[in-house]
file coords_39.pdb (PDB, C-alpha atoms)
MODEL        1
ATOM      1  CA  MET I 102     136.329  14.444 115.211  1.00  0.00           C
ATOM      2  CA  ALA I 103     134.700  14.777 111.818  1.00  0.00           C
ATOM      3  CA  SER I 104     134.495  18.531 112.249  1.00  0.00           C
ATOM      4  CA  ILE I 105     138.255  18.768 112.880  1.00  0.00           C
ATOM      5  CA  GLY I 106     138.911  16.783 109.694  1.00  0.00           C
ATOM      6  CA  LEU I 107     136.675  19.128 107.718  1.00  0.00           C
ATOM      7  CA  ILE I 108     138.480  22.166 109.150  1.00  0.00           C
ATOM      8  CA  VAL I 109     141.911  20.737 108.242  1.00  0.00           C
ATOM      9  CA  PHE I 110     140.668  19.855 104.751  1.00  0.00           C
ATOM     10  CA  GLY I 111     139.274  23.384 104.329  1.00  0.00           C
ATOM     11  CA  ILE I 112     142.564  24.971 105.433  1.00  0.00           C
ATOM     12  CA  ALA I 113     144.537  22.735 103.026  1.00  0.00           C
ATOM     13  CA  ALA I 114     142.203  23.590 100.139  1.00  0.00           C
ATOM     14  CA  LEU I 115     142.501  27.285 100.949  1.00  0.00           C
ATOM     15  CA  ALA I 116     146.309  27.011 101.030  1.00  0.00           C
ATOM     16  CA  VAL I 117     146.333  25.332  97.601  1.00  0.00           C
ATOM     17  CA  VAL I 118     144.069  28.004  96.127  1.00  0.00           C
ATOM     18  CA  LEU I 119     146.258  30.787  97.554  1.00  0.00           C
ATOM     19  CA  LEU I 120     149.446  29.123  96.293  1.00  0.00           C
ATOM     20  CA  VAL I 121     148.093  28.619  92.762  1.00  0.00           C
ATOM     21  CA  GLY I 122     146.788  32.201  92.709  1.00  0.00           C
ATOM     22  CA  ALA I 123     150.167  33.551  93.815  1.00  0.00           C
ATOM     23  CA  LEU I 124     151.953  31.561  91.100  1.00  0.00           C
ATOM     24  CA  LEU I 125     149.564  32.867  88.447  1.00  0.00           C
ATOM     25  CA  ILE I 126     150.109  36.444  89.597  1.00  0.00           C
ATOM     26  CA  LEU I 127     153.907  35.989  89.499  1.00  0.00           C
ATOM     27  CA  ARG I 128     153.745  34.613  85.944  1.00  0.00           C
ATOM     28  CA  LEU I 129     151.572  37.518  84.870  1.00  0.00           C
ATOM     29  CA  ILE I 130     154.028  40.017  86.348  1.00  0.00           C
ATOM     30  CA  GLU I 131     156.978  38.277  84.651  1.00  0.00           C
ATOM     31  CA  SER I 132     155.282  38.281  81.252  1.00  0.00           C
ATOM     32  CA  GLU I 133     154.436  41.986  81.599  1.00  0.00           C
ATOM     33  CA  ASN I 134     158.075  42.718  82.489  1.00  0.00           C
ATOM     34  CA  LEU I 135     159.296  40.792  79.457  1.00  0.00           C
ATOM     35  CA  GLN I 136     156.903  42.630  77.165  1.00  0.00           C
ATOM     36  CA  ALA I 137     157.882  45.978  78.625  1.00  0.00           C
ATOM     37  CA  GLY I 138     161.598  45.094  78.361  1.00  0.00           C
ATOM     38  CA  SER I 139     161.393  44.203  74.678  1.00  0.00           C
ATOM     39  CA  GLY I 140     160.042  47.600  73.715  1.00  0.00           C
ATOM     40  CA  SER I 141     162.244  49.614  76.047  1.00  0.00           C
ATOM     41  CA  LEU I 142     163.886  51.660  73.278  1.00  0.00           C
ATOM     42  CA  SER I 143     162.316  54.954  72.388  1.00  0.00           C
ATOM     43  CA  GLY I 144     161.512  55.817  68.806  1.00  0.00           C
ATOM     44  CA  GLU I 145     164.620  58.005  68.524  1.00  0.00           C
ATOM     45  CA  GLU I 146     166.887  55.269  69.872  1.00  0.00           C
ATOM     46  CA  GLU I 147     165.422  52.701  67.471  1.00  0.00           C
ATOM     47  CA  GLU I 148     165.860  55.097  64.556  1.00  0.00           C
ATOM     48  CA  LYS I 149     169.454  55.798  65.597  1.00  0.00           C
ATOM     49  CA  GLN I 150     170.196  52.079  65.782  1.00  0.00           C
ATOM     50  CA  SER I 151     168.633  51.427  62.384  1.00  0.00           C
ATOM     51  CA  ASP I 152     170.637  54.331  60.881  1.00  0.00           C
ATOM     52  CA  GLN I 153     173.832  52.882  62.338  1.00  0.00           C
ATOM     53  CA  GLU I 154     172.975  49.449  60.963  1.00  0.00           C
ATOM     54  CA  ARG I 155     172.298  50.900  57.499  1.00  0.00           C
ATOM     55  CA  GLU I 156     175.614  52.743  57.651  1.00  0.00           C
ATOM     56  CA  ARG I 157     177.491  49.537  58.553  1.00  0.00           C
ATOM     57  CA  LYS I 158     175.800  47.625  55.723  1.00  0.00           C
ATOM     58  CA  SER I 159     176.576  50.412  53.268  1.00  0.00           C
ATOM     59  CA  HIS I 160     180.221  50.398  54.330  1.00  0.00           C
ATOM     60  CA  ARG I 161     180.420  46.608  53.982  1.00  0.00           C
ATOM     61  CA  ASN I 162     178.849  46.789  50.530  1.00  0.00           C
ATOM     62  CA  GLY I 163     181.287  49.525  49.497  1.00  0.00           C
ATOM     63  CA  VAL I 164     184.264  47.486  50.680  1.00  0.00           C
ATOM     64  CA  GLN I 165     182.888  44.417  48.891  1.00  0.00           C
ATOM     65  CA  ARG I 166     182.486  46.372  45.653  1.00  0.00           C
ATOM     66  CA  GLU I 167     186.079  47.620  45.935  1.00  0.00           C
ATOM     67  CA  GLU I 168     187.341  44.079  46.474  1.00  0.00           C
ATOM     68  CA  ASP I 169     185.270  42.833  43.544  1.00  0.00           C
ATOM     69  CA  SER I 170     186.646  45.524  41.248  1.00  0.00           C
ATOM     70  CA  GLU I 171     190.222  44.693  42.335  1.00  0.00           C
ATOM     71  CA  ILE I 172     189.583  41.017  41.586  1.00  0.00           C
ATOM     72  CA  LEU I 173     188.181  41.855  38.169  1.00  0.00           C
ATOM     73  CA  ALA I 174     191.138  44.155  37.449  1.00  0.00           C
ATOM     74  CA  ALA I 175     193.550  41.316  38.265  1.00  0.00           C
ATOM     75  CA  TRP I 176     191.487  38.986  36.073  1.00  0.00           C
ATOM     76  CA  SER I 177     191.646  41.503  33.250  1.00  0.00           C
ATOM     77  CA  LEU I 178     195.454  41.458  33.461  1.00  0.00           C
ATOM     78  CA  ALA I 179     195.470  37.656  33.419  1.00  0.00           C
ATOM     79  CA  LYS I 180     193.212  37.561  30.351  1.00  0.00           C
ATOM     80  CA  ARG I 181     195.688  39.763  28.482  1.00  0.00           C
ATOM     81  CA  GLY I 182     198.588  37.418  29.201  1.00  0.00           C
ATOM     82  CA  GLN I 183     200.060  39.190  32.232  1.00  0.00           C
ATOM     83  CA  ARG I 184     200.457  37.477  35.564  1.00  0.00           C
ATOM     84  CA  PRO I 185     198.818  39.472  38.390  1.00  0.00           C
ATOM     85  CA  PRO I 186     200.467  39.200  41.822  1.00  0.00           C
ATOM     86  CA  GLN I 187     197.565  37.264  43.316  1.00  0.00           C
ATOM     87  CA  LEU I 188     194.715  35.676  41.492  1.00  0.00           C
ATOM     88  CA  ASP I 189     192.114  33.455  43.088  1.00  0.00           C
ATOM     89  CA  LEU I 190     190.046  32.027  40.254  1.00  0.00           C
ATOM     90  CA  ALA I 191     187.347  30.864  42.647  1.00  0.00           C
ATOM     91  CA  ARG I 192     186.842  34.505  43.711  1.00  0.00           C
ATOM     92  CA  VAL I 193     186.907  35.605  40.065  1.00  0.00           C
ATOM     93  CA  VAL I 194     184.181  33.097  39.253  1.00  0.00           C
ATOM     94  CA  ASP I 195     182.178  34.202  42.295  1.00  0.00           C
ATOM     95  CA  VAL I 196     182.369  37.885  41.307  1.00  0.00           C
ATOM     96  CA  MET I 197     181.353  37.158  37.720  1.00  0.00           C
ATOM     97  CA  ARG I 198     178.401  35.080  38.946  1.00  0.00           C
ATOM     98  CA  LYS I 199     177.363  37.912  41.285  1.00  0.00           C
ATOM     99  CA  GLN I 200     177.288  40.174  38.253  1.00  0.00           C
ATOM    100  CA  GLY I 201     174.643  37.895  36.780  1.00  0.00           C
ATOM    101  CA  ARG I 202     176.763  36.123  34.213  1.00  0.00           C
ATOM    102  CA  SER I 203     175.735  32.588  33.340  1.00  0.00           C
ATOM    103  CA  ALA I 204     177.875  29.603  34.207  1.00  0.00           C
ATOM    104  CA  MET I 205     178.503  28.981  30.516  1.00  0.00           C
ATOM    105  CA  ASP I 206     179.708  32.583  29.972  1.00  0.00           C
ATOM    106  CA  VAL I 207     182.084  32.320  32.926  1.00  0.00           C
ATOM    107  CA  ALA I 208     183.452  28.983  31.731  1.00  0.00           C
ATOM    108  CA  SER I 209     183.979  30.230  28.173  1.00  0.00           C
ATOM    109  CA  GLU I 210     185.839  33.271  29.518  1.00  0.00           C
ATOM    110  CA  LEU I 211     188.052  30.980  31.608  1.00  0.00           C
ATOM    111  CA  TRP I 212     188.873  28.832  28.582  1.00  0.00           C
ATOM    112  CA  SER I 213     189.624  31.831  26.349  1.00  0.00           C
ATOM    113  CA  ALA I 214     191.879  33.311  29.043  1.00  0.00           C
ATOM    114  CA  LEU I 215     193.667  29.967  29.303  1.00  0.00           C
ATOM    115  CA  ASP I 216     194.321  30.070  25.542  1.00  0.00           C
ATOM    116  CA  VAL I 217     196.002  33.470  25.944  1.00  0.00           C
ATOM    117  CA  ASN I 218     197.783  32.864  29.256  1.00  0.00           C
ATOM    118  CA  SER I 219     199.048  29.326  29.805  1.00  0.00           C
ATOM    119  CA  GLU I 220     200.315  30.288  33.271  1.00  0.00           C
ATOM    120  CA  LEU I 221     196.688  30.071  34.424  1.00  0.00           C
ATOM    121  CA  LEU I 222     196.692  26.304  33.912  1.00  0.00           C
ATOM    122  CA  ALA I 223     197.643  25.555  37.525  1.00  0.00           C
ATOM    123  CA  ASP I 224     194.930  27.916  38.788  1.00  0.00           C
ATOM    124  CA  VAL I 225     192.322  26.360  36.502  1.00  0.00           C
ATOM    125  CA  ALA I 226     193.392  22.883  37.619  1.00  0.00           C
ATOM    126  CA  ALA I 227     192.827  23.881  41.255  1.00  0.00           C
ATOM    127  CA  LEU I 228     189.465  25.462  40.472  1.00  0.00           C
ATOM    128  CA  PRO I 229     187.256  22.322  40.771  1.00  0.00           C
ATOM    129  CA  ALA I 230     188.377  21.744  44.372  1.00  0.00           C
ATOM    130  CA  ALA I 231     187.681  25.381  45.245  1.00  0.00           C
ATOM    131  CA  LEU I 232     184.264  25.243  43.602  1.00  0.00           C
ATOM    132  CA  LEU I 233     183.404  22.097  45.567  1.00  0.00           C
ATOM    133  CA  ARG I 234     184.503  23.842  48.753  1.00  0.00           C
ATOM    134  CA  ASP I 235     182.320  26.853  47.926  1.00  0.00           C
ATOM    135  CA  ASP I 236     179.380  24.621  46.951  1.00  0.00           C
ATOM    136  CA  ALA I 237     179.264  26.044  43.421  1.00  0.00           C
ATOM    137  CA  VAL I 238     178.066  22.834  41.827  1.00  0.00           C
ATOM    138  CA  GLU I 239     176.487  24.492  38.778  1.00  0.00           C
ATOM    139  CA  MET I 240     179.875  25.999  37.867  1.00  0.00           C
ATOM    140  CA  LEU I 241     181.620  22.719  38.516  1.00  0.00           C
ATOM    141  CA  GLU I 242     179.354  20.918  36.053  1.00  0.00           C
ATOM    142  CA  VAL I 243     180.171  23.409  33.300  1.00  0.00           C
ATOM    143  CA  ILE I 244     183.906  23.503  33.932  1.00  0.00           C
ATOM    144  CA  LEU I 245     184.349  19.742  34.049  1.00  0.00           C
TER     145      LEU I 245
ENDMDL
END
call {"tool": "encode", "arguments": {"input": "coords_39.pdb", "output": "structure tokens"}}
result
Amino acid sequence: MASIGLIVFGIAALAVVLLVGALLILRLIESENLQAGSGSLSGEEEEKQSDQERERKSHRNGVQREEDSEILAAWSLAKRGQRPPQLDLARVVDVMRKQGRSAMDVASELWSALDVNSELLADVAALPAALLRDDAVEMLEVIL
């Protein structure tokens, strides 16, 4: 009777060892597949993708520069007393800040433009809310 118990125990232990071994082998195979899948692109394909990405970024930057120059052109009209068709002062402030101008320089330009063009008063009055929305706190401090 004791020998039958030992045989059953031995078979159970062998089954556990085989099961654990099989699970380890499956995990190893899965990790190798994941590693092989992540580097599945050839050098040419990776270079082509990076070239395409650079081209998209360049196009976006070009479009952004065009928009920025249009905004500054409209701002230039407003500073001279003319009313441009559309003027978003929050965008004007953003573009000037992107150019590296200090908050004080931007604010002084806004105030001098307001002296020349009183029609900008409504836009300047709406500016603090737009600056809060855009999280431009440093500009808000100077303007208020």
call {"tool": "atom_distance", "arguments": {"input": "coords_39.pdb", "atom1": "atom CA of Ala191 of chain I", "atom2": "atom CA of Gln165 of chain I"}}
result
15.6 Å
call {"tool": "closest_residue", "arguments": {"input": "coords_39.pdb", "among": "I:Arg155, I:Arg166, I:Arg128, I:Lys180", "to": "Glu210 of chain I", "atoms": "all atoms listed in the file"}}
result
I:Lys180
call {"tool": "resolve_selection", "arguments": {"input": "coords_39.pdb", "expression": "the PyMOL selection byres ((chain I and resi 218) around 9)", "output": "list in words"}}
result
Ala179, Lys180, Arg181, Gly182, Gln183, Arg184, Ser213, Ala214, Leu215, Asp216, Val217, Ser219, Glu220, Leu221 and Leu222 of chain I
call {"tool": "resolve_selection", "arguments": {"input": "coords_39.pdb", "expression": "the PyMOL selection byres ((chain I and resi 194) around 9)", "output": "NGL selection string"}}
result
:I and (189-193 or 195-199 or 204 or 207-208 or 211 or 232 or 240)
call {"tool": "atom_distance", "arguments": {"input": "coords_39.pdb", "atom1": "atom CA of Leu241 of chain I", "atom2": "atom CA of Gly201 of chain I"}}
result
16.8 Å
call {"tool": "atom_distance", "arguments": {"input": "coords_39.pdb", "atom1": "atom CA of Glu154 of chain I", "atom2": "atom CA of Asp169 of chain I"}}
result
22.3 Å
